[in-house]
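Peer 1: File follows, upload_38.pdb with PDB, C-alpha atoms:
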ATOM      1  CA  MET A  22       0.000   0.000   0.000  1.00  0.00           C
ATOM      2  CA  GLN A  23       1.398   3.372  -0.977  1.00  0.00           C
ATOM      3  CA  LEU A  24       0.472   6.614   0.791  1.00  0.00           C
ATOM      4  CA  LEU A  25      -0.578   9.307  -1.710  1.00  0.00           C
ATOM      5  CA  SER A  26      -1.531  12.139   0.616  1.00  0.00           C
ATOM      6  CA  GLN A  27      -2.188  12.890   4.258  1.00  0.00           C
ATOM      7  CA  LYS A  28      -3.793  16.137   5.332  1.00  0.00           C
ATOM      8  CA  LYS A  29      -5.276  17.555   8.493  1.00  0.00           C
ATOM      9  CA  TRP A  30      -8.307  19.867   8.409  1.00  0.00           C
ATOM     10  CA  PRO A  31     -10.238  21.848  11.019  1.00  0.00           C
ATOM     11  CA  ALA A  32     -13.430  19.833  11.640  1.00  0.00           C
ATOM     12  CA  ARG A  33     -15.868  22.423  10.316  1.00  0.00           C
ATOM     13  CA  LEU A  34     -18.032  22.887   7.237  1.00  0.00           C
ATOM     14  CA  GLU A  35     -15.652  25.456   5.757  1.00  0.00           C
ATOM     15  CA  SER A  36     -13.137  22.626   5.225  1.00  0.00           C
ATOM     16  CA  LEU A  37     -15.531  20.578   3.100  1.00  0.00           C
ATOM     17  CA  TYR A  38     -14.671  21.627  -0.454  1.00  0.00           C
ATOM     18  CA  GLU A  39     -10.915  21.695   0.057  1.00  0.00           C
ATOM     19  CA  SER A  40     -10.885  18.275   1.688  1.00  0.00           C
ATOM     20  CA  LEU A  41     -13.138  16.815  -1.039  1.00  0.00           C
ATOM     21  CA  ASP A  42     -10.861  18.279  -3.716  1.00  0.00           C
ATOM     22  CA  SER A  43      -7.859  16.681  -2.090  1.00  0.00           C
ATOM     23  CA  VAL A  44      -9.485  13.218  -2.060  1.00  0.00           C
ATOM     24  CA  SER A  45     -10.871  13.569  -5.613  1.00  0.00           C
ATOM     25  CA  SER A  46      -7.488  14.514  -7.014  1.00  0.00           C
ATOM     26  CA  CYS A  47      -6.008  11.300  -5.565  1.00  0.00           C
ATOM     27  CA  ALA A  48      -8.758   9.306  -7.289  1.00  0.00           C
ATOM     28  CA  ARG A  49      -8.200  11.207 -10.513  1.00  0.00           C
ATOM     29  CA  ALA A  50      -4.453  10.526 -10.350  1.00  0.00           C
ATOM     30  CA  LEU A  51      -5.251   6.805 -10.015  1.00  0.00           C
ATOM     31  CA  GLY A  52      -7.414   6.994 -13.147  1.00  0.00           C
ATOM     32  CA  PHE A  53     -10.866   6.608 -11.551  1.00  0.00           C
ATOM     33  CA  ASN A  54     -13.672   7.656 -13.877  1.00  0.00           C
ATOM     34  CA  ALA A  55     -15.912  10.682 -13.312  1.00  0.00           C
ATOM     35  CA  GLU A  56     -18.829   8.599 -12.087  1.00  0.00           C
ATOM     36  CA  ARG A  57     -16.760   6.863  -9.399  1.00  0.00           C
ATOM     37  CA  ILE A  58     -15.252  10.200  -8.360  1.00  0.00           C
ATOM     38  CA  GLY A  59     -18.790  11.618  -8.032  1.00  0.00           C
ATOM     39  CA  GLU A  60     -19.726   8.727  -5.740  1.00  0.00           C
ATOM     40  CA  LEU A  61     -16.510   9.179  -3.783  1.00  0.00           C
ATOM     41  CA  GLU A  62     -17.224  12.878  -3.197  1.00  0.00           C
ATOM     42  CA  LEU A  63     -20.712  12.058  -2.020  1.00  0.00           C
ATOM     43  CA  VAL A  64     -19.494   9.420   0.458  1.00  0.00           C
ATOM     44  CA  MET A  65     -16.724  11.676   1.749  1.00  0.00           C
ATOM     45  CA  GLU A  66     -19.177  14.550   2.224  1.00  0.00           C
ATOM     46  CA  GLU A  67     -21.434  12.292   4.293  1.00  0.00           C
ATOM     47  CA  VAL A  68     -18.501  11.030   6.404  1.00  0.00           C
ATOM     48  CA  LEU A  69     -17.016  14.490   6.941  1.00  0.00           C
ATOM     49  CA  VAL A  70     -20.256  16.368   7.608  1.00  0.00           C
ATOM     50  CA  ASN A  71     -21.092  13.813  10.320  1.00  0.00           C
ATOM     51  CA  ILE A  72     -17.713  14.492  11.945  1.00  0.00           C
ATOM     52  CA  PHE A  73     -18.054  18.276  11.547  1.00  0.00           C
ATOM     53  CA  LYS A  74     -21.502  18.252  13.135  1.00  0.00           C
ATOM     54  CA  TYR A  75     -21.244  15.651  15.868  1.00  0.00           C
ATOM     55  CA  ALA A  76     -17.712  14.497  16.683  1.00  0.00           C
ATOM     56  CA  TYR A  77     -16.745  17.428  18.856  1.00  0.00           C
ATOM     57  CA  GLY A  78     -20.164  18.145  20.349  1.00  0.00           C
ATOM     58  CA  GLY A  79     -20.303  21.792  19.289  1.00  0.00           C
ATOM     59  CA  LYS A  80     -17.236  22.620  21.342  1.00  0.00           C
ATOM     60  CA  GLU A  81     -14.152  24.305  19.930  1.00  0.00           C
ATOM     61  CA  PRO A  82     -13.721  22.420  16.653  1.00  0.00           C
ATOM     62  CA  GLY A  83     -11.181  19.615  16.597  1.00  0.00           C
ATOM     63  CA  GLU A  84      -9.433  18.197  13.605  1.00  0.00           C
ATOM     64  CA  VAL A  85      -9.901  15.480  11.066  1.00  0.00           C
ATOM     65  CA  THR A  86      -7.039  13.760   9.263  1.00  0.00           C
ATOM     66  CA  ILE A  87      -7.599  12.217   5.849  1.00  0.00           C
ATOM     67  CA  SER A  88      -5.048   9.831   4.363  1.00  0.00           C
ATOM     68  CA  CYS A  89      -5.348   8.493   0.836  1.00  0.00           C
ATOM     69  CA  SER A  90      -3.419   5.429  -0.259  1.00  0.00           C
ATOM     70  CA  GLU A  91      -3.273   3.228  -3.289  1.00  0.00           C
ATOM     71  CA  ASP A  92      -3.603  -0.517  -2.891  1.00  0.00           C
ATOM     72  CA  GLY A  93      -3.534  -2.634  -6.041  1.00  0.00           C
ATOM     73  CA  GLY A  94      -5.105   0.188  -8.065  1.00  0.00           C
ATOM     74  CA  ASN A  95      -7.870   0.725  -5.484  1.00  0.00           C
ATOM     75  CA  LEU A  96      -8.211   3.843  -3.347  1.00  0.00           C
ATOM     76  CA  VAL A  97      -8.014   3.444   0.433  1.00  0.00           C
ATOM     77  CA  MET A  98      -9.020   6.370   2.647  1.00  0.00           C
ATOM     78  CA  ASP A  99      -8.441   6.648   6.373  1.00  0.00           C
ATOM     79  CA  VAL A 100     -10.492   9.285   8.162  1.00  0.00           C
ATOM     80  CA  VAL A 101      -9.406   9.924  11.738  1.00  0.00           C
ATOM     81  CA  ASP A 102     -10.902  12.221  14.383  1.00  0.00           C
ATOM     82  CA  SER A 103     -10.488  12.527  18.155  1.00  0.00           C
ATOM     83  CA  GLY A 104     -14.154  13.167  18.843  1.00  0.00           C
ATOM     84  CA  VAL A 105     -16.727  11.140  20.739  1.00  0.00           C
ATOM     85  CA  PRO A 106     -16.700   7.418  19.885  1.00  0.00           C
ATOM     86  CA  PHE A 107     -19.005   6.835  16.929  1.00  0.00           C
ATOM     87  CA  ASP A 108     -19.257   3.757  14.748  1.00  0.00           C
ATOM     88  CA  PRO A 109     -21.423   4.708  11.767  1.00  0.00           C
ATOM     89  CA  LEU A 110     -21.658   1.075  10.716  1.00  0.00           C
ATOM     90  CA  THR A 111     -23.852   0.252  13.723  1.00  0.00           C
ATOM     91  CA  ALA A 112     -26.509   2.794  12.724  1.00  0.00           C
ATOM     92  CA  SER A 113     -29.649   1.060  11.512  1.00  0.00           C
ATOM     93  CA  ASP A 114     -30.686   1.528   7.894  1.00  0.00           C
ATOM     94  CA  PRO A 115     -33.609   3.838   7.196  1.00  0.00           C
ATOM     95  CA  ASP A 116     -36.838   2.333   5.883  1.00  0.00           C
ATOM     96  CA  ILE A 117     -36.433   3.328   2.249  1.00  0.00           C
ATOM     97  CA  THR A 118     -40.005   2.307   1.464  1.00  0.00           C
ATOM     98  CA  ALA A 119     -41.627   4.698   3.966  1.00  0.00           C
ATOM     99  CA  GLY A 120     -43.774   7.492   2.531  1.00  0.00           C
ATOM    100  CA  VAL A 121     -43.233  11.251   2.850  1.00  0.00           C
ATOM    101  CA  ASP A 122     -45.159  11.384   6.134  1.00  0.00           C
ATOM    102  CA  GLU A 123     -43.305   8.598   7.926  1.00  0.00           C
ATOM    103  CA  ARG A 124     -39.903   9.263   6.464  1.00  0.00           C
ATOM    104  CA  PRO A 125     -37.652  10.919   9.054  1.00  0.00           C
ATOM    105  CA  VAL A 126     -35.477  13.797   7.865  1.00  0.00           C
ATOM    106  CA  GLY A 127     -31.994  12.376   8.349  1.00  0.00           C
ATOM    107  CA  GLY A 128     -30.314   9.000   8.598  1.00  0.00           C
ATOM    108  CA  LEU A 129     -29.671   8.795   4.884  1.00  0.00           C
ATOM    109  CA  GLY A 130     -26.023   9.812   4.852  1.00  0.00           C
ATOM    110  CA  ILE A 131     -24.691   6.688   6.553  1.00  0.00           C
ATOM    111  CA  TYR A 132     -26.883   4.514   4.366  1.00  0.00           C
ATOM    112  CA  LEU A 133     -25.352   6.122   1.251  1.00  0.00           C
ATOM    113  CA  ILE A 134     -21.841   5.498   2.624  1.00  0.00           C
ATOM    114  CA  LYS A 135     -22.600   1.803   3.111  1.00  0.00           C
ATOM    115  CA  LYS A 136     -24.241   1.453  -0.291  1.00  0.00           C
ATOM    116  CA  LEU A 137     -21.635   3.269  -2.383  1.00  0.00           C
ATOM    117  CA  MET A 138     -18.330   2.181  -0.850  1.00  0.00           C
ATOM    118  CA  ASP A 139     -16.866  -1.216  -1.639  1.00  0.00           C
ATOM    119  CA  LYS A 140     -15.495  -1.702   1.897  1.00  0.00           C
ATOM    120  CA  VAL A 141     -15.937   0.268   5.119  1.00  0.00           C
ATOM    121  CA  LYS A 142     -14.283  -0.558   8.423  1.00  0.00           C
ATOM    122  CA  TYR A 143     -14.463   1.239  11.774  1.00  0.00           C
ATOM    123  CA  ARG A 144     -11.997   1.078  14.645  1.00  0.00           C
ATOM    124  CA  ARG A 145     -11.747   3.022  17.885  1.00  0.00           C
ATOM    125  CA  GLU A 146      -8.083   3.233  18.797  1.00  0.00           C
ATOM    126  CA  GLU A 147      -6.092   5.402  21.190  1.00  0.00           C
ATOM    127  CA  GLY A 148      -9.041   7.717  21.766  1.00  0.00           C
ATOM    128  CA  ARG A 149      -9.663   8.201  18.062  1.00  0.00           C
ATOM    129  CA  ASN A 150     -12.296   7.162  15.547  1.00  0.00           C
ATOM    130  CA  ARG A 151     -10.723   5.622  12.468  1.00  0.00           C
ATOM    131  CA  LEU A 152     -12.940   4.944   9.489  1.00  0.00           C
ATOM    132  CA  THR A 153     -11.302   3.129   6.583  1.00  0.00           C
ATOM    133  CA  LEU A 154     -13.083   3.304   3.242  1.00  0.00           C
ATOM    134  CA  VAL A 155     -12.081   1.413   0.128  1.00  0.00           C
ATOM    135  CA  LEU A 156     -13.196   2.297  -3.362  1.00  0.00           C
ATOM    136  CA  PHE A 157     -12.479  -0.252  -6.064  1.00  0.00           C
ATOM    137  CA  LYS A 158     -11.388   1.135  -9.370  1.00  0.00           C
ATOM    138  CA  SER A 159     -13.567  -1.307 -11.225  1.00  0.00           C
ATOM    139  CA  GLY A 160     -15.816  -4.263 -10.720  1.00  0.00           C
ATOM    140  CA  LYS A 161     -18.220  -2.537  -8.355  1.00  0.00           C
ATOM    141  CA  THR A 162     -21.532  -4.306  -8.341  1.00  0.00           C
ATOM    142  CA  SER A 163     -24.443  -1.930  -8.701  1.00  0.00           C
ATOM    143  CA  PRO A 164     -25.781  -0.898  -5.276  1.00  0.00           C
ATOM    144  CA  LEU A 165     -29.246  -1.473  -6.703  1.00  0.00           C
ATOM    145  CA  SER A 166     -28.724  -5.096  -7.642  1.00  0.00           C
TER     146      SER A 166
ATOM    147  CA  MET B  16     -26.023  26.263  -6.443  1.00  0.00           C
ATOM    148  CA  GLU B  17     -28.237  28.388  -8.681  1.00  0.00           C
ATOM    149  CA  VAL B  18     -31.994  28.362  -8.198  1.00  0.00           C
ATOM    150  CA  ALA B  19     -34.411  29.947 -10.682  1.00  0.00           C
ATOM    151  CA  CYS B  20     -38.224  29.980 -10.585  1.00  0.00           C
ATOM    152  CA  ARG B  21     -40.794  30.494 -13.322  1.00  0.00           C
ATOM    153  CA  LYS B  22     -44.512  29.841 -13.446  1.00  0.00           C
ATOM    154  CA  GLU B  23     -46.420  27.892 -16.071  1.00  0.00           C
ATOM    155  CA  LYS B  24     -49.920  26.373 -15.967  1.00  0.00           C
ATOM    156  CA  ASN B  25     -50.384  27.372 -12.325  1.00  0.00           C
ATOM    157  CA  THR B  26     -47.225  25.439 -11.429  1.00  0.00           C
ATOM    158  CA  VAL B  27     -43.924  26.830 -10.171  1.00  0.00           C
ATOM    159  CA  ILE B  28     -40.969  25.342 -12.040  1.00  0.00           C
ATOM    160  CA  VAL B  29     -37.853  25.493  -9.900  1.00  0.00           C
ATOM    161  CA  SER B  30     -34.633  24.903 -11.863  1.00  0.00           C
ATOM    162  CA  VAL B  31     -31.580  23.970  -9.825  1.00  0.00           C
ATOM    163  CA  LYS B  32     -28.035  24.028 -11.154  1.00  0.00           C
ATOM    164  CA  GLY B  33     -24.731  22.911  -9.681  1.00  0.00           C
ATOM    165  CA  ARG B  34     -24.511  21.188  -6.308  1.00  0.00           C
ATOM    166  CA  MET B  35     -27.090  20.496  -3.585  1.00  0.00           C
ATOM    167  CA  ASP B  36     -24.832  19.689  -0.643  1.00  0.00           C
ATOM    168  CA  ALA B  37     -24.327  20.432   3.037  1.00  0.00           C
ATOM    169  CA  VAL B  38     -22.906  23.862   2.211  1.00  0.00           C
ATOM    170  CA  CYS B  39     -25.497  25.147  -0.212  1.00  0.00           C
ATOM    171  CA  THR B  40     -29.007  23.866   0.328  1.00  0.00           C
ATOM    172  CA  THR B  41     -30.104  26.883   2.379  1.00  0.00           C
ATOM    173  CA  ASN B  42     -30.688  28.906  -0.748  1.00  0.00           C
ATOM    174  CA  PHE B  43     -33.101  26.321  -2.160  1.00  0.00           C
ATOM    175  CA  GLU B  44     -34.995  25.940   1.104  1.00  0.00           C
ATOM    176  CA  MET B  45     -35.364  29.702   1.515  1.00  0.00           C
ATOM    177  CA  ILE B  46     -36.742  30.190  -2.003  1.00  0.00           C
ATOM    178  CA  LEU B  47     -39.166  27.272  -1.680  1.00  0.00           C
ATOM    179  CA  ASP B  48     -40.322  28.552   1.732  1.00  0.00           C
ATOM    180  CA  GLU B  49     -41.051  31.959   0.208  1.00  0.00           C
ATOM    181  CA  GLN B  50     -43.048  30.378  -2.620  1.00  0.00           C
ATOM    182  CA  ILE B  51     -45.055  28.206  -0.197  1.00  0.00           C
ATOM    183  CA  ALA B  52     -45.658  31.194   2.098  1.00  0.00           C
ATOM    184  CA  SER B  53     -47.026  33.156  -0.852  1.00  0.00           C
ATOM    185  CA  GLY B  54     -49.601  30.408  -1.435  1.00  0.00           C
ATOM    186  CA  GLU B  55     -47.985  28.296  -4.153  1.00  0.00           C
ATOM    187  CA  THR B  56     -48.693  24.574  -3.785  1.00  0.00           C
ATOM    188  CA  ARG B  57     -47.796  23.047  -7.158  1.00  0.00           C
ATOM    189  CA  PHE B  58     -44.112  22.578  -7.919  1.00  0.00           C
ATOM    190  CA  ILE B  59     -41.930  20.910 -10.512  1.00  0.00           C
ATOM    191  CA  ILE B  60     -38.253  20.751  -9.585  1.00  0.00           C
ATOM    192  CA  ASP B  61     -36.078  20.665 -12.696  1.00  0.00           C
ATOM    193  CA  PHE B  62     -32.920  18.706 -11.871  1.00  0.00           C
ATOM    194  CA  GLY B  63     -31.601  18.815 -15.449  1.00  0.00           C
ATOM    195  CA  GLY B  64     -28.733  21.115 -14.479  1.00  0.00           C
ATOM    196  CA  LEU B  65     -27.920  19.449 -11.153  1.00  0.00           C
ATOM    197  CA  GLU B  66     -24.533  17.739 -11.076  1.00  0.00           C
ATOM    198  CA  TYR B  67     -24.428  16.553  -7.478  1.00  0.00           C
ATOM    199  CA  ILE B  68     -26.737  15.841  -4.559  1.00  0.00           C
ATOM    200  CA  SER B  69     -25.886  14.527  -1.072  1.00  0.00           C
ATOM    201  CA  SER B  70     -28.129  13.523   1.827  1.00  0.00           C
ATOM    202  CA  ALA B  71     -28.332  17.210   2.807  1.00  0.00           C
ATOM    203  CA  GLY B  72     -29.987  17.906  -0.560  1.00  0.00           C
ATOM    204  CA  LEU B  73     -32.332  14.942  -0.203  1.00  0.00           C
ATOM    205  CA  GLN B  74     -33.351  16.113   3.268  1.00  0.00           C
ATOM    206  CA  CYS B  75     -34.137  19.498   1.810  1.00  0.00           C
ATOM    207  CA  ILE B  76     -36.488  17.953  -0.791  1.00  0.00           C
ATOM    208  CA  LEU B  77     -38.147  15.830   1.908  1.00  0.00           C
ATOM    209  CA  THR B  78     -38.622  18.855   4.186  1.00  0.00           C
ATOM    210  CA  THR B  79     -40.298  20.735   1.324  1.00  0.00           C
ATOM    211  CA  ALA B  80     -42.570  17.750   0.594  1.00  0.00           C
ATOM    212  CA  LYS B  81     -43.558  17.575   4.269  1.00  0.00           C
ATOM    213  CA  LYS B  82     -44.484  21.274   4.198  1.00  0.00           C
ATOM    214  CA  LEU B  83     -46.645  20.734   1.109  1.00  0.00           C
ATOM    215  CA  GLU B  84     -48.543  17.668   2.407  1.00  0.00           C
ATOM    216  CA  PRO B  85     -50.986  19.489   4.695  1.00  0.00           C
ATOM    217  CA  ARG B  86     -51.609  22.011   1.894  1.00  0.00           C
ATOM    218  CA  GLN B  87     -52.560  19.244  -0.571  1.00  0.00           C
ATOM    219  CA  GLY B  88     -49.612  20.368  -2.629  1.00  0.00           C
ATOM    220  CA  ASP B  89     -47.991  18.682  -5.557  1.00  0.00           C
ATOM    221  CA  LEU B  90     -44.265  18.111  -6.000  1.00  0.00           C
ATOM    222  CA  VAL B  91     -42.856  16.537  -9.154  1.00  0.00           C
ATOM    223  CA  LEU B  92     -39.140  15.872  -9.618  1.00  0.00           C
ATOM    224  CA  ALA B  93     -38.087  16.134 -13.242  1.00  0.00           C
ATOM    225  CA  ALA B  94     -35.068  15.362 -15.440  1.00  0.00           C
ATOM    226  CA  LEU B  95     -32.943  13.406 -12.945  1.00  0.00           C
ATOM    227  CA  LYS B  96     -29.722  12.116 -14.452  1.00  0.00           C
ATOM    228  CA  GLY B  97     -26.390  10.414 -13.713  1.00  0.00           C
ATOM    229  CA  THR B  98     -25.240  10.172 -10.105  1.00  0.00           C
ATOM    230  CA  VAL B  99     -28.155  12.364  -8.953  1.00  0.00           C
ATOM    231  CA  LYS B 100     -30.586   9.781 -10.339  1.00  0.00           C
ATOM    232  CA  GLU B 101     -28.581   6.977  -8.730  1.00  0.00           C
ATOM    233  CA  VAL B 102     -28.749   8.675  -5.316  1.00  0.00           C
ATOM    234  CA  PHE B 103     -32.541   9.034  -5.617  1.00  0.00           C
ATOM    235  CA  GLU B 104     -32.819   5.330  -6.465  1.00  0.00           C
ATOM    236  CA  ILE B 105     -30.558   4.116  -3.635  1.00  0.00           C
ATOM    237  CA  SER B 106     -32.372   6.220  -1.053  1.00  0.00           C
ATOM    238  CA  GLY B 107     -35.783   5.055  -2.244  1.00  0.00           C
ATOM    239  CA  PHE B 108     -36.790   8.661  -2.987  1.00  0.00           C
ATOM    240  CA  ASN B 109     -37.775   7.612  -6.509  1.00  0.00           C
ATOM    241  CA  SER B 110     -40.639   5.598  -5.035  1.00  0.00           C
ATOM    242  CA  ILE B 111     -41.999   8.246  -2.627  1.00  0.00           C
ATOM    243  CA  PHE B 112     -41.968  11.093  -5.122  1.00  0.00           C
ATOM    244  CA  THR B 113     -43.507  11.554  -8.532  1.00  0.00           C
ATOM    245  CA  ILE B 114     -40.613  11.424 -10.974  1.00  0.00           C
ATOM    246  CA  SER B 115     -40.890  12.715 -14.512  1.00  0.00           C
ATOM    247  CA  GLU B 116     -38.531  12.292 -17.466  1.00  0.00           C
ATOM    248  CA  SER B 117     -38.663  16.001 -18.309  1.00  0.00           C
ATOM    249  CA  VAL B 118     -40.277  19.277 -17.259  1.00  0.00           C
ATOM    250  CA  ASP B 119     -42.435  19.160 -20.389  1.00  0.00           C
ATOM    251  CA  SER B 120     -43.836  15.732 -19.607  1.00  0.00           C
ATOM    252  CA  ALA B 121     -44.476  16.812 -15.989  1.00  0.00           C
ATOM    253  CA  LEU B 122     -46.319  19.903 -17.247  1.00  0.00           C
ATOM    254  CA  ALA B 123     -48.373  17.838 -19.681  1.00  0.00           C
ATOM    255  CA  VAL B 124     -50.063  16.070 -16.764  1.00  0.00           C
ATOM    256  CA  ALA B 125     -50.091  19.119 -14.446  1.00  0.00           C
TER     257      ALA B 125
END
Before anything else, please render the file you have as structure tokens.
Peer 2:
Amino acid sequence: MQLLSQKKWPARLESLYESLDSVSSCARALGFNAERIGELELVMEEVLVNIFKYAYGGKEPGEVTISCSEDGGNLVMDVVDSGVPFDPLTASDPDITAGVDERPVGGLGIYLIKKLMDKVKYRREEGRNRLTLVLFKSGKTSPLS
Amino acid sequence: MEVACRKEKNTVIVSVKGRMDAVCTTNFEMILDEQIASGETRFIIDFGGLEYISSAGLQCILTTAKKLEPRQGDLVLAALKGTVKEVFEISGFNSIFTISESVDSALAVA
């Protein structure tokens, strides 16, 4: 596995576009197509906005570190924050058949992460949340199938 | 994100361009709120120029739909394409909303 970039950002909404750009340019350098990069941006927005909003409980904003690596042509991203322990993979999926009335506003972001990424792994280590996301360059099965 | 409104056949057509994400959905929500407050209940959202939508954008659409329900309003989503269309399908939003191929076909049944 080869590290392509590692950057630290203040955990606030103002960091969103710059951090997304940084991740997208790694994917572009690895030759990912525009559609996959679009999905990657979406997943990273959902991951990062969750951290920006909830990890540091509205206190003085902390930081989030994003590392991008290449592994056999696939893109591996490590997102690390020192906020409250939170494993997004344990969140229950929303009922995607519920109507407008019953459908809660929220809960969709994590579902999109799980559906669009090829692999997602969470670890709590040394007081930090570490979310590892893997995006395959090719061979992704459609999330709808 | 750019938002433009025009009215045809008693229906407000809201065209959105660019990105509907966590940073820039406020604009859309504000404009839709103003339209609803002024008594409009029939809307077609034209997604033809939208390149990107995240869960923040979806939540915004759902919030608008919830505001329209008690007013017996009508919300049609038109011209979804690419990743935007994919996101609507994954989230199941394509089955809770009326989806139309184009603004013209949505207007034809309006």
Peer 1: Pull out every residue of chain A sitting within 8 Å of chain B, counting all atoms listed in the file, and send them as a list in words.
Peer 2: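 Going by the stated atoms only, the list reads Leu34, Glu56, Gly59, Glu60, Leu63, Glu66, Glu67, Val70, Ile117, Thr118, Ala119, Gly120, Val121, Asp122, Val126, Gly127, Leu129, Gly130, Tyr132, Leu133, Lys136, Pro164 and Leu165 of chain A.
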Peer 1: Report as a PyMOL selection string all protein, DNA and RNA residues lying within 7 Å of B:Leu95, evaluated on all atoms listed in the file, omitting residues in the same chain fewer than 3 positions from it.
Peer 2: chain B and resi 62-63+99-100
Peer 1: Point out the residue among A:Arg33, A:Arg49, A:Lys158, A:Arg149 with the least atom-to-atom distance to A:Gly94, counting all atoms listed in the file.
Peer 2: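 For A:Gly94, the nearest of the candidates is A:Lys158.
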Peer 1: Considering only C-alpha atoms, state which residue in the set A:Met22, A:Ile131, A:Ile87, A:Ala48 is at the smallest distance from A:Glu62.
Peer 2: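 Going through A:Met22, A:Ile131, A:Ile87, A:Ala48 one by one, the smallest distance to A:Glu62 is for A:Ala48.
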Peer 1: Extract, using only C-alpha atoms, all DNA, RNA and protein residues at most 7 Å from A:Cys47, discarding same-chain residues fewer than 4 positions from it, and format them as a list in words.
Peer 2: Leu25, Ser43 and Leu51 of chain A
